$ cat protein_38.cif   # mmCIF, C-alpha atoms
data_query
#
loop_
_atom_site.label_atom_id
_atom_site.label_comp_id
_atom_site.auth_asym_id
_atom_site.auth_seq_id
_atom_site.Cartn_x
_atom_site.Cartn_y
_atom_site.Cartn_z
CA MET A 1 -4.22 -22.49 41.47
CA SER A 2 -4.33 -20.61 44.76
CA VAL A 3 -4.78 -16.85 44.31
CA LYS A 4 -2.41 -14.70 46.36
CA THR A 5 -1.76 -11.64 44.18
CA VAL A 6 -3.43 -9.46 41.57
CA GLN A 7 -1.21 -11.19 39.01
CA ASP A 8 -2.67 -14.56 40.06
CA LEU A 9 -6.18 -13.12 39.54
CA PHE A 10 -5.14 -11.84 36.12
CA VAL A 11 -3.76 -15.26 35.10
CA ASN A 12 -6.92 -16.95 36.39
CA GLU A 13 -9.08 -14.64 34.30
CA LEU A 14 -6.88 -15.23 31.22
CA ARG A 15 -7.38 -19.00 31.65
CA ASP A 16 -11.12 -18.48 32.13
CA ILE A 17 -11.56 -16.52 28.88
CA TYR A 18 -9.25 -18.99 27.08
CA HIS A 19 -11.61 -21.80 28.11
CA ALA A 20 -14.63 -19.69 27.15
CA GLU A 21 -13.22 -19.03 23.66
CA LYS A 22 -12.45 -22.70 23.12
CA GLN A 23 -16.03 -23.63 24.05
CA LEU A 24 -17.26 -20.95 21.67
CA LEU A 25 -15.14 -22.41 18.84
CA ARG A 26 -17.22 -25.57 19.20
CA ALA A 27 -20.57 -23.74 19.51
CA LEU A 28 -20.27 -21.19 16.67
CA PRO A 29 -20.49 -23.70 13.78
CA LYS A 30 -23.78 -24.96 15.31
CA MET A 31 -25.06 -21.40 15.64
CA ALA A 32 -24.14 -20.67 12.01
CA LYS A 33 -25.81 -23.90 10.87
CA SER A 34 -29.01 -23.26 12.87
CA SER A 35 -29.36 -19.64 11.71
CA THR A 36 -31.71 -19.25 8.78
CA HIS A 37 -31.14 -15.64 7.71
CA PRO A 38 -28.15 -15.58 5.31
CA GLU A 39 -26.63 -12.45 6.88
CA LEU A 40 -26.85 -13.96 10.36
CA LYS A 41 -25.28 -17.22 9.14
CA GLN A 42 -22.51 -15.16 7.54
CA ALA A 43 -21.99 -13.15 10.75
CA PHE A 44 -21.42 -16.36 12.76
CA GLU A 45 -19.09 -17.78 10.11
CA SER A 46 -17.02 -14.57 10.16
CA HIS A 47 -16.96 -14.54 13.96
CA LEU A 48 -15.77 -18.15 13.96
CA GLU A 49 -12.75 -17.13 11.87
CA GLU A 50 -12.18 -14.12 14.15
CA THR A 51 -12.43 -16.32 17.27
CA ARG A 52 -9.74 -18.67 15.88
CA GLY A 53 -7.46 -15.63 15.61
CA GLN A 54 -8.34 -14.51 19.14
CA VAL A 55 -7.43 -17.92 20.56
CA GLU A 56 -4.06 -17.72 18.78
CA ARG A 57 -3.39 -14.25 20.20
CA LEU A 58 -4.37 -15.43 23.71
CA GLU A 59 -1.82 -18.23 23.29
CA GLN A 60 0.79 -15.63 22.37
CA VAL A 61 -0.03 -13.75 25.60
CA PHE A 62 0.52 -16.99 27.57
CA ASP A 63 3.85 -17.47 25.77
CA GLN A 64 5.00 -13.90 26.39
CA LEU A 65 4.26 -14.23 30.10
CA ASP A 66 5.90 -17.67 30.15
CA LEU A 67 2.67 -19.32 31.31
CA SER A 68 1.38 -22.77 30.39
CA LYS A 69 -1.63 -22.63 28.04
CA ARG A 70 -4.02 -24.06 30.59
CA ALA A 71 -7.77 -23.40 30.35
CA LYS A 72 -9.83 -22.91 33.55
CA PRO A 73 -13.37 -24.25 33.14
CA CYS A 74 -15.67 -21.26 32.72
CA GLN A 75 -19.05 -22.16 34.20
CA ALA A 76 -20.72 -18.95 33.08
CA MET A 77 -19.89 -19.58 29.42
CA GLU A 78 -20.97 -23.21 29.81
CA GLY A 79 -24.35 -21.91 31.03
CA LEU A 80 -24.63 -19.41 28.17
CA ILE A 81 -23.86 -22.04 25.54
CA GLU A 82 -26.34 -24.42 27.20
CA GLU A 83 -29.02 -21.71 26.87
CA ALA A 84 -28.12 -21.22 23.20
CA LYS A 85 -28.51 -24.96 22.62
CA GLU A 86 -31.93 -24.88 24.32
CA HIS A 87 -33.02 -22.15 21.91
CA MET A 88 -31.70 -24.07 18.92
CA GLY A 89 -33.45 -27.25 20.06
CA GLU A 90 -36.88 -25.92 20.94
CA ILE A 91 -37.83 -23.19 18.45
CA GLU A 92 -39.49 -24.31 15.24
CA ASP A 93 -40.39 -21.03 13.51
CA LYS A 94 -37.33 -19.97 11.50
CA SER A 95 -37.39 -16.23 12.11
CA VAL A 96 -38.18 -16.69 15.84
CA LEU A 97 -35.26 -19.13 15.98
CA ASP A 98 -32.95 -16.47 14.52
CA VAL A 99 -34.07 -14.03 17.24
CA GLY A 100 -33.43 -16.65 19.92
CA ILE A 101 -29.93 -17.34 18.57
CA ILE A 102 -29.14 -13.60 18.46
CA ILE A 103 -30.25 -13.19 22.10
CA SER A 104 -27.96 -16.05 23.18
CA ALA A 105 -25.06 -14.78 21.07
CA GLN A 106 -25.30 -11.26 22.50
CA LYS A 107 -25.14 -12.61 26.05
CA VAL A 108 -21.99 -14.49 25.04
CA GLU A 109 -20.50 -11.29 23.57
CA HIS A 110 -21.30 -9.35 26.75
CA TYR A 111 -19.59 -12.02 28.84
CA GLU A 112 -16.52 -11.67 26.64
CA ILE A 113 -16.65 -7.87 26.73
CA ALA A 114 -16.65 -8.00 30.55
CA ALA A 115 -13.85 -10.58 30.60
CA TYR A 116 -11.54 -8.83 28.08
CA GLY A 117 -12.27 -5.44 29.69
CA THR A 118 -11.06 -6.91 32.97
CA VAL A 119 -7.93 -8.68 31.71
CA ALA A 120 -6.92 -5.68 29.57
CA ALA A 121 -7.27 -3.33 32.58
CA TYR A 122 -5.23 -5.62 34.84
CA ALA A 123 -2.57 -6.16 32.17
CA GLY A 124 -2.18 -2.37 32.23
CA ILE A 125 -2.02 -2.16 36.03
CA LEU A 126 0.60 -4.93 36.10
CA GLY A 127 2.70 -3.21 33.42
CA PHE A 128 2.24 -5.80 30.63
CA THR A 129 1.76 -3.14 27.97
CA ASP A 130 2.04 -5.38 24.87
CA ASP A 131 -0.48 -7.81 26.30
CA GLN A 132 -2.77 -4.95 27.25
CA ASN A 133 -2.76 -3.81 23.60
CA THR A 134 -3.48 -7.34 22.34
CA LEU A 135 -6.35 -7.78 24.80
CA HIS A 136 -7.78 -4.35 23.95
CA ALA A 137 -7.73 -5.24 20.24
CA ILE A 138 -9.71 -8.43 20.98
CA LEU A 139 -12.10 -6.43 23.19
CA ASP A 140 -12.79 -4.08 20.25
CA GLU A 141 -13.55 -7.07 18.00
CA GLU A 142 -16.06 -8.43 20.53
CA LYS A 143 -17.75 -5.03 20.77
CA ASN A 144 -18.00 -4.93 16.97
CA THR A 145 -19.57 -8.38 16.89
CA ASP A 146 -22.13 -7.26 19.48
CA ARG A 147 -22.96 -4.20 17.36
CA THR A 148 -23.29 -6.35 14.21
CA LEU A 149 -25.77 -8.59 16.04
CA THR A 150 -27.76 -5.58 17.30
CA ASP A 151 -27.90 -4.18 13.76
CA LEU A 152 -29.02 -7.52 12.35
CA ALA A 153 -31.68 -7.87 15.06
CA GLU A 154 -33.00 -4.35 14.46
CA LYS A 155 -32.89 -4.26 10.68
CA LEU A 156 -33.82 -7.74 9.60
CA VAL A 157 -34.71 -10.43 12.00
CA ASN A 158 -37.14 -8.88 14.45
CA LYS A 159 -39.56 -7.54 11.88
CA ASP A 160 -39.80 -10.90 10.14
CA ALA A 161 -40.22 -12.68 13.44
CA VAL A 162 -42.97 -10.38 14.70
CA ARG A 163 -44.78 -10.73 11.38
CA ALA A 164 -44.57 -14.52 11.68
CA ALA A 165 -45.97 -14.44 15.24
CA MET B 1 -42.59 -23.58 28.06
CA SER B 2 -42.32 -24.21 24.33
CA VAL B 3 -41.19 -21.16 22.36
CA LYS B 4 -43.28 -20.40 19.26
CA THR B 5 -43.26 -16.59 19.01
CA VAL B 6 -41.08 -13.59 19.79
CA GLN B 7 -43.41 -12.92 22.73
CA ASP B 8 -42.61 -16.39 24.11
CA LEU B 9 -38.89 -15.57 23.82
CA PHE B 10 -39.49 -12.26 25.62
CA VAL B 11 -41.37 -14.01 28.46
CA ASN B 12 -38.62 -16.64 28.72
CA GLU B 13 -35.98 -13.93 29.02
CA LEU B 14 -38.05 -12.09 31.66
CA ARG B 15 -38.23 -15.32 33.71
CA ASP B 16 -34.49 -15.84 33.24
CA ILE B 17 -33.52 -12.40 34.57
CA TYR B 18 -36.10 -12.76 37.37
CA HIS B 19 -34.31 -15.94 38.48
CA ALA B 20 -30.94 -14.24 38.07
CA GLU B 21 -32.00 -11.32 40.31
CA LYS B 22 -33.34 -13.65 42.98
CA GLN B 23 -30.04 -15.55 43.03
CA LEU B 24 -28.24 -12.23 43.29
CA LEU B 25 -30.39 -11.20 46.28
CA ARG B 26 -28.89 -14.18 48.11
CA ALA B 27 -25.31 -13.56 46.91
CA LEU B 28 -25.00 -9.78 47.51
CA PRO B 29 -25.03 -9.93 51.33
CA LYS B 30 -22.11 -12.41 51.15
CA MET B 31 -20.27 -10.10 48.73
CA ALA B 32 -20.83 -7.12 51.05
CA LYS B 33 -19.66 -9.15 54.05
CA SER B 34 -16.53 -10.46 52.28
CA SER B 35 -15.49 -7.04 50.94
CA THR B 36 -12.93 -5.32 53.11
CA HIS B 37 -12.83 -1.79 51.65
CA PRO B 38 -15.60 0.26 53.31
CA GLU B 39 -16.68 1.93 50.04
CA LEU B 40 -16.92 -1.45 48.29
CA LYS B 41 -18.93 -2.91 51.17
CA GLN B 42 -21.22 0.13 50.98
CA ALA B 43 -21.59 -0.26 47.18
CA PHE B 44 -22.81 -3.85 47.59
CA GLU B 45 -25.19 -2.89 50.40
CA SER B 46 -26.70 -0.13 48.24
CA HIS B 47 -26.96 -2.47 45.26
CA LEU B 48 -28.75 -5.03 47.45
CA GLU B 49 -31.42 -2.44 48.26
CA GLU B 50 -31.62 -1.46 44.58
CA THR B 51 -31.92 -5.13 43.53
CA ARG B 52 -34.88 -5.60 45.91
CA GLY B 53 -36.62 -2.74 44.10
CA GLN B 54 -35.76 -4.25 40.70
CA VAL B 55 -37.32 -7.58 41.67
CA GLU B 56 -40.50 -5.73 42.73
CA ARG B 57 -40.65 -3.87 39.41
CA LEU B 58 -40.10 -7.12 37.47
CA GLU B 59 -43.05 -8.56 39.40
CA GLN B 60 -45.13 -5.56 38.33
CA VAL B 61 -44.20 -6.30 34.69
CA PHE B 62 -45.40 -9.90 35.15
CA ASP B 63 -48.66 -8.58 36.65
CA GLN B 64 -49.24 -6.06 33.86
CA LEU B 65 -48.78 -8.75 31.22
CA ASP B 66 -50.98 -11.14 33.22
CA LEU B 67 -48.16 -13.65 33.56
CA SER B 68 -47.42 -15.92 36.51
CA LYS B 69 -44.29 -14.86 38.45
CA ARG B 70 -42.33 -17.94 37.51
CA ALA B 71 -38.51 -17.94 37.48
CA LYS B 72 -36.60 -19.89 34.82
CA PRO B 73 -33.31 -21.26 36.19
CA CYS B 74 -30.52 -19.11 34.80
CA GLN B 75 -27.43 -21.28 34.40
CA ALA B 76 -25.18 -18.43 33.37
CA MET B 77 -25.88 -16.48 36.57
CA GLU B 78 -25.45 -19.67 38.60
CA GLY B 79 -21.98 -20.00 37.02
CA LEU B 80 -21.12 -16.35 37.70
CA ILE B 81 -22.15 -16.60 41.36
CA GLU B 82 -20.23 -19.84 41.72
CA GLU B 83 -17.12 -18.04 40.43
CA ALA B 84 -17.69 -15.21 42.92
CA LYS B 85 -17.91 -17.75 45.74
CA GLU B 86 -14.64 -19.35 44.57
CA HIS B 87 -12.95 -15.94 44.80
CA MET B 88 -14.40 -15.31 48.24
CA GLY B 89 -13.29 -18.73 49.45
CA GLU B 90 -9.74 -18.86 48.15
CA ILE B 91 -8.20 -15.39 48.42
CA GLU B 92 -6.54 -14.53 51.72
CA ASP B 93 -5.00 -11.12 51.07
CA LYS B 94 -7.69 -8.52 51.79
CA SER B 95 -7.04 -6.06 48.98
CA VAL B 96 -6.58 -8.86 46.41
CA LEU B 97 -9.87 -10.33 47.65
CA ASP B 98 -11.60 -7.00 46.97
CA VAL B 99 -10.25 -7.01 43.40
CA GLY B 100 -11.50 -10.59 42.91
CA ILE B 101 -14.96 -9.66 44.20
CA ILE B 102 -15.10 -6.62 41.90
CA ILE B 103 -14.15 -8.77 38.87
CA SER B 104 -16.95 -11.23 39.69
CA ALA B 105 -19.47 -8.46 40.36
CA GLN B 106 -18.72 -6.71 37.07
CA LYS B 107 -19.33 -9.94 35.15
CA VAL B 108 -22.69 -10.21 36.92
CA GLU B 109 -23.51 -6.60 35.98
CA HIS B 110 -22.59 -7.24 32.32
CA TYR B 111 -24.84 -10.29 32.27
CA GLU B 112 -27.68 -8.14 33.59
CA ILE B 113 -26.91 -5.32 31.14
CA ALA B 114 -27.17 -7.80 28.25
CA ALA B 115 -30.36 -9.33 29.66
CA TYR B 116 -32.18 -6.03 30.38
CA GLY B 117 -30.99 -4.57 27.06
CA THR B 118 -32.63 -7.55 25.35
CA VAL B 119 -35.93 -7.56 27.24
CA ALA B 120 -36.28 -3.77 26.97
CA ALA B 121 -35.73 -3.92 23.19
CA TYR B 122 -38.25 -6.74 22.74
CA ALA B 123 -40.81 -5.04 25.01
CA GLY B 124 -40.56 -2.12 22.56
CA ILE B 125 -40.90 -4.31 19.46
CA LEU B 126 -43.95 -6.02 20.98
CA GLY B 127 -45.57 -2.68 21.86
CA PHE B 128 -45.36 -2.98 25.67
CA THR B 129 -44.29 0.63 26.13
CA ASP B 130 -44.78 0.91 29.91
CA ASP B 131 -42.79 -2.27 30.47
CA GLN B 132 -40.10 -1.07 28.08
CA ASN B 133 -39.71 2.08 30.21
CA THR B 134 -39.52 0.06 33.43
CA LEU B 135 -36.92 -2.30 31.97
CA HIS B 136 -34.88 0.61 30.58
CA ALA B 137 -34.85 2.25 34.00
CA ILE B 138 -33.50 -0.96 35.55
CA LEU B 139 -30.93 -1.23 32.72
CA ASP B 140 -29.67 2.27 33.59
CA GLU B 141 -29.31 1.28 37.25
CA GLU B 142 -27.23 -1.76 36.28
CA LYS B 143 -24.99 0.39 34.06
CA ASN B 144 -24.50 2.81 36.97
CA THR B 145 -23.53 -0.04 39.29
CA ASP B 146 -20.99 -1.24 36.72
CA ARG B 147 -19.51 2.28 36.52
CA THR B 148 -19.37 2.56 40.32
CA LEU B 149 -17.42 -0.71 40.46
CA THR B 150 -15.02 0.45 37.71
CA ASP B 151 -14.43 3.72 39.59
CA LEU B 152 -13.82 1.86 42.85
CA ALA B 153 -11.42 -0.54 41.11
CA GLU B 154 -9.49 2.28 39.46
CA LYS B 155 -9.37 4.74 42.35
CA LEU B 156 -8.98 2.61 45.41
CA VAL B 157 -8.70 -1.10 45.29
CA ASN B 158 -6.21 -1.88 42.57
CA LYS B 159 -3.42 0.34 43.87
CA ASP B 160 -3.69 -1.19 47.34
CA ALA B 161 -3.78 -4.68 45.88
CA VAL B 162 -0.75 -4.16 43.65
CA ARG B 163 1.14 -2.65 46.58
CA ALA B 164 0.29 -5.70 48.66
CA ALA B 165 1.50 -8.07 45.93
#
$ encode --input "protein_38.cif" --output "structure tokens"
Amino acid sequence: MSVKTVQDLFVNELRDIYHAEKQLLRALPKMAKSSTHPELKQAFESHLEETRGQVERLEQVFDQLDLSKRAKPCQAMEGLIEEAKEHMGEIEDKSVLDVGIIISAQKVEHYEIAAYGTVAAYAGILGFTDDQNTLHAILDEEKNTDRTLTDLAEKLVNKDAVRAA
Amino acid sequence: MSVKTVQDLFVNELRDIYHAEKQLLRALPKMAKSSTHPELKQAFESHLEETRGQVERLEQVFDQLDLSKRAKPCQAMEGLIEEAKEHMGEIEDKSVLDVGIIISAQKVEHYEIAAYGTVAAYAGILGFTDDQNTLHAILDEEKNTDRTLTDLAEKLVNKDAVRAA
């Protein structure tokens, strides 16, 4: 799609994060399966459920704006998921593996925080108040997931991993 | 490099952000040149100077830890810069172009914030206090750049772009 207006940019970014979320739906079960710490496994399983809900709400935003639900390939997220897969494939020590998965997952969350921050702000500028609220709610969920991962890294995983090193 | 310990993960992440910064050194002049608003152009020129200093400090961290200054290709940053180039290539309207460049640049900053947050935390866990301080200082610079871009988007660029739409 050629970009001529701020609204075009907004729609492009919506399609980018929609693609990113759909890629993440495929990656999260692998991240849950590869995690060894039960709380970390649980965190990914919960976030998978949450992500399904986010994709549904994004689809509602497309509907409200009368847009086709088209995803725009998101190269950055593809790169982030590729890096996560590298970690899952190459680390043998279980607690080090958990740290590697957390690092990858937090980069994914930061990508999403940047993306939802952007689309929520532009929804506001363009006067799509309902959509702005929806996108802000998803943004808050992503920030919570990032905090959960930081807490898990600080409280549980790092100490075990450093001990194992 | 095969990853066996948390220190290996830390070194991998250092090499990843080192590669990311070097890619950014090549992209920032193009972003400054493509920006039309004088304050935005100036922000990218300042950040280019700052990024040069960050690369030097990363190299000092490698030296202090007696590591070779090897960069590990960072696919996520490659994707982010590719998206920035798309924006610069396809948007004709000047103020909409500025918005597109800001969106891309803020995603880059968030990637860096996640990456430096991670390496600073792990430098601390591993007991590399000097390096932790260096990496925290760079993290603060990246957060400041992100805030500068948000301020520019809110105060100047978006209003012009919406008016032009």
$ interface_residues --input "protein_38.cif" --of "chain A" --to "chain B" --cutoff "6 Å" --atoms "only C-alpha atoms" --output "list of chain:residue names"
A:Val3, A:Thr5, A:Val6, A:Gln75, A:Ala76, A:Gly79, A:Leu80, A:Ile91, A:Val96, A:Lys107, A:Ala114, A:Ala165
$ atom_distance --input "protein_38.cif" --atom1 "CA of Thr134 in chain A" --atom2 "CA of Glu50 in chain A"
13.7 Å
$ residues_around --input "protein_38.cif" --residues "range 70-73 of chain B" --least-positions-apart "6" --cutoff "12 Å" --atoms "all atoms listed in the file" --output "list in words"
Gly79, Leu80, Glu82 and Glu83 of chain A; Met1, Val11, Asn12, Glu13, Leu14, Arg15, Asp16, Ile17, Tyr18, His19, Ala20, Glu21, Lys22, Gln23, Val55, Leu58, Glu59, Phe62, Asp63 and Gly79 of chain B
$ residues_around --input "protein_38.cif" --residues "Asp131 in chain B" --least-positions-apart "5" --cutoff "9 Å" --atoms "all atoms listed in the file" --output "mmCIF file with C-alpha atoms, in the frame of the given file"
data_model
loop_
_atom_site.group_PDB
_atom_site.id
_atom_site.type_symbol
_atom_site.label_atom_id
_atom_site.label_comp_id
_atom_site.auth_asym_id
_atom_site.auth_seq_id
_atom_site.Cartn_x
_atom_site.Cartn_y
_atom_site.Cartn_z
ATOM 1 C CA LEU B 58 -40.100 -7.120 37.470
ATOM 2 C CA GLN B 60 -45.130 -5.560 38.330
ATOM 3 C CA VAL B 61 -44.200 -6.300 34.690
ATOM 4 C CA GLN B 64 -49.240 -6.060 33.860
ATOM 5 C CA LEU B 65 -48.780 -8.750 31.220
ATOM 6 C CA ALA B 120 -36.280 -3.770 26.970
ATOM 7 C CA ALA B 123 -40.810 -5.040 25.010
ATOM 8 C CA GLY B 124 -40.560 -2.120 22.560
ATOM 9 C CA HIS B 136 -34.880 0.610 30.580
#
$ calpha_fit_and_write --input "protein_38.cif" --fixed "chain B" --moving "chain A" --output "short mmCIF file (atom, residue, chain, number, x, y, z; two decimals) with C-alpha atoms, keeping the file's coordinate frame"
data_model
loop_
_atom_site.label_atom_id
_atom_site.label_comp_id
_atom_site.auth_asym_id
_atom_site.auth_seq_id
_atom_site.Cartn_x
_atom_site.Cartn_y
_atom_site.Cartn_z
CA MET A 1 -42.51 -23.57 28.06
CA SER A 2 -42.28 -24.22 24.34
CA VAL A 3 -41.17 -21.15 22.36
CA LYS A 4 -43.26 -20.39 19.28
CA THR A 5 -43.26 -16.58 19.02
CA VAL A 6 -41.09 -13.57 19.79
CA GLN A 7 -43.41 -12.92 22.73
CA ASP A 8 -42.61 -16.39 24.11
CA LEU A 9 -38.88 -15.56 23.82
CA PHE A 10 -39.48 -12.27 25.62
CA VAL A 11 -41.35 -14.00 28.47
CA ASN A 12 -38.61 -16.63 28.71
CA GLU A 13 -35.97 -13.93 29.03
CA LEU A 14 -38.05 -12.08 31.66
CA ARG A 15 -38.22 -15.31 33.71
CA ASP A 16 -34.48 -15.84 33.24
CA ILE A 17 -33.52 -12.39 34.57
CA TYR A 18 -36.10 -12.76 37.37
CA HIS A 19 -34.32 -15.94 38.47
CA ALA A 20 -30.93 -14.24 38.08
CA GLU A 21 -32.00 -11.32 40.30
CA LYS A 22 -33.34 -13.65 42.97
CA GLN A 23 -30.03 -15.54 43.04
CA LEU A 24 -28.23 -12.22 43.29
CA LEU A 25 -30.39 -11.21 46.28
CA ARG A 26 -28.90 -14.19 48.10
CA ALA A 27 -25.31 -13.56 46.91
CA LEU A 28 -25.01 -9.79 47.51
CA PRO A 29 -25.04 -9.93 51.34
CA LYS A 30 -22.11 -12.40 51.14
CA MET A 31 -20.27 -10.11 48.73
CA ALA A 32 -20.83 -7.13 51.04
CA LYS A 33 -19.67 -9.16 54.05
CA SER A 34 -16.53 -10.47 52.28
CA SER A 35 -15.50 -7.04 50.94
CA THR A 36 -12.95 -5.31 53.12
CA HIS A 37 -12.84 -1.80 51.66
CA PRO A 38 -15.62 0.26 53.31
CA GLU A 39 -16.69 1.92 50.04
CA LEU A 40 -16.93 -1.45 48.29
CA LYS A 41 -18.96 -2.90 51.19
CA GLN A 42 -21.24 0.14 50.98
CA ALA A 43 -21.60 -0.25 47.19
CA PHE A 44 -22.82 -3.86 47.60
CA GLU A 45 -25.20 -2.89 50.41
CA SER A 46 -26.69 -0.12 48.24
CA HIS A 47 -26.98 -2.47 45.26
CA LEU A 48 -28.76 -5.02 47.45
CA GLU A 49 -31.43 -2.42 48.26
CA GLU A 50 -31.62 -1.46 44.56
CA THR A 51 -31.93 -5.13 43.53
CA ARG A 52 -34.89 -5.59 45.92
CA GLY A 53 -36.61 -2.72 44.09
CA GLN A 54 -35.76 -4.23 40.70
CA VAL A 55 -37.32 -7.56 41.67
CA GLU A 56 -40.49 -5.72 42.73
CA ARG A 57 -40.65 -3.85 39.41
CA LEU A 58 -40.10 -7.11 37.48
CA GLU A 59 -43.06 -8.55 39.40
CA GLN A 60 -45.13 -5.56 38.34
CA VAL A 61 -44.20 -6.28 34.70
CA PHE A 62 -45.41 -9.89 35.16
CA ASP A 63 -48.65 -8.57 36.66
CA GLN A 64 -49.22 -6.04 33.87
CA LEU A 65 -48.77 -8.74 31.24
CA ASP A 66 -50.97 -11.11 33.25
CA LEU A 67 -48.14 -13.64 33.57
CA SER A 68 -47.40 -15.91 36.53
CA LYS A 69 -44.27 -14.84 38.45
CA ARG A 70 -42.32 -17.93 37.50
CA ALA A 71 -38.50 -17.91 37.50
CA LYS A 72 -36.58 -19.89 34.83
CA PRO A 73 -33.30 -21.25 36.19
CA CYS A 74 -30.51 -19.10 34.79
CA GLN A 75 -27.43 -21.28 34.40
CA ALA A 76 -25.17 -18.42 33.37
CA MET A 77 -25.88 -16.47 36.56
CA GLU A 78 -25.45 -19.66 38.59
CA GLY A 79 -21.98 -20.01 37.03
CA LEU A 80 -21.11 -16.36 37.71
CA ILE A 81 -22.15 -16.59 41.35
CA GLU A 82 -20.21 -19.86 41.70
CA GLU A 83 -17.10 -18.04 40.42
CA ALA A 84 -17.68 -15.22 42.92
CA LYS A 85 -17.90 -17.77 45.73
CA GLU A 86 -14.62 -19.35 44.56
CA HIS A 87 -12.94 -15.95 44.80
CA MET A 88 -14.39 -15.32 48.24
CA GLY A 89 -13.27 -18.75 49.45
CA GLU A 90 -9.72 -18.87 48.14
CA ILE A 91 -8.18 -15.39 48.43
CA GLU A 92 -6.54 -14.52 51.72
CA ASP A 93 -5.00 -11.09 51.07
CA LYS A 94 -7.71 -8.51 51.79
CA SER A 95 -7.05 -6.05 48.98
CA VAL A 96 -6.58 -8.87 46.41
CA LEU A 97 -9.87 -10.32 47.66
CA ASP A 98 -11.61 -6.99 46.99
CA VAL A 99 -10.26 -7.02 43.42
CA GLY A 100 -11.49 -10.59 42.93
CA ILE A 101 -14.97 -9.68 44.20
CA ILE A 102 -15.11 -6.62 41.90
CA ILE A 103 -14.16 -8.78 38.88
CA SER A 104 -16.96 -11.24 39.69
CA ALA A 105 -19.48 -8.47 40.36
CA GLN A 106 -18.73 -6.72 37.07
CA LYS A 107 -19.33 -9.94 35.14
CA VAL A 108 -22.69 -10.21 36.91
CA GLU A 109 -23.52 -6.60 35.96
CA HIS A 110 -22.60 -7.24 32.32
CA TYR A 111 -24.86 -10.30 32.27
CA GLU A 112 -27.69 -8.14 33.57
CA ILE A 113 -26.92 -5.32 31.14
CA ALA A 114 -27.17 -7.81 28.25
CA ALA A 115 -30.37 -9.33 29.65
CA TYR A 116 -32.19 -6.03 30.38
CA GLY A 117 -31.00 -4.58 27.05
CA THR A 118 -32.63 -7.54 25.35
CA VAL A 119 -35.94 -7.58 27.25
CA ALA A 120 -36.29 -3.78 26.97
CA ALA A 121 -35.73 -3.93 23.18
CA TYR A 122 -38.26 -6.74 22.73
CA ALA A 123 -40.81 -5.04 24.99
CA GLY A 124 -40.56 -2.12 22.55
CA ILE A 125 -40.91 -4.31 19.45
CA LEU A 126 -43.96 -6.02 20.97
CA GLY A 127 -45.57 -2.68 21.86
CA PHE A 128 -45.39 -2.99 25.68
CA THR A 129 -44.31 0.62 26.11
CA ASP A 130 -44.78 0.90 29.91
CA ASP A 131 -42.79 -2.27 30.46
CA GLN A 132 -40.11 -1.07 28.07
CA ASN A 133 -39.71 2.08 30.20
CA THR A 134 -39.52 0.06 33.43
CA LEU A 135 -36.92 -2.30 31.96
CA HIS A 136 -34.89 0.60 30.57
CA ALA A 137 -34.86 2.25 34.01
CA ILE A 138 -33.50 -0.98 35.54
CA LEU A 139 -30.94 -1.24 32.72
CA ASP A 140 -29.69 2.27 33.58
CA GLU A 141 -29.31 1.27 37.24
CA GLU A 142 -27.22 -1.77 36.28
CA LYS A 143 -25.00 0.39 34.06
CA ASN A 144 -24.51 2.80 36.97
CA THR A 145 -23.54 -0.05 39.29
CA ASP A 146 -20.99 -1.25 36.72
CA ARG A 147 -19.53 2.27 36.51
CA THR A 148 -19.38 2.55 40.33
CA LEU A 149 -17.43 -0.72 40.45
CA THR A 150 -15.04 0.44 37.71
CA ASP A 151 -14.45 3.70 39.59
CA LEU A 152 -13.83 1.85 42.85
CA ALA A 153 -11.43 -0.56 41.12
CA GLU A 154 -9.50 2.27 39.46
CA LYS A 155 -9.37 4.72 42.34
CA LEU A 156 -8.98 2.59 45.41
CA VAL A 157 -8.70 -1.11 45.28
CA ASN A 158 -6.20 -1.87 42.55
CA LYS A 159 -3.44 0.34 43.86
CA ASP A 160 -3.66 -1.17 47.33
CA ALA A 161 -3.75 -4.66 45.90
CA VAL A 162 -0.73 -4.16 43.64
CA ARG A 163 1.19 -2.66 46.55
CA ALA A 164 0.33 -5.70 48.68
CA ALA A 165 1.50 -8.10 45.94
#
$ axis_aligned_box --input "protein_38.cif" --around "range 64-83 of chain A" --padding-each-side "6 Å" --output "JSON"
{"center_x": -11.6, "center_y": -19.2, "center_z": 29.9, "size_x": 46.9, "size_y": 22.5, "size_z": 20.7}
$ atom_distance --input "protein_38.cif" --atom1 "CA of Phe128 in chain B" --atom2 "CA of Glu141 in chain B"
20.2 Å
$ atom_distance --input "protein_38.cif" --atom1 "CA of Leu149 in chain A" --atom2 "CA of Glu86 in chain A"
19.3 Å
$ closest_residue --input "protein_38.cif" --among "B:Leu67, B:Leu25, B:Leu40, B:Ile101" --to "Met88 in chain B" --atoms "only C-alpha atoms"
B:Ile101
$ residues_around --input "protein_38.cif" --residues "Lys33 in chain A" --least-positions-apart "3" --cutoff "12 Å" --atoms "all atoms listed in the file" --output "PyMOL selection string"
chain A and resi 27-30+36-38+40-45+48+88+97-98+101
$ closest_residue --input "protein_38.cif" --among "A:Glu39, A:Asp130, A:Gly89, A:Ala84" --to "Lys155 in chain A" --atoms "only C-alpha atoms"
A:Glu39
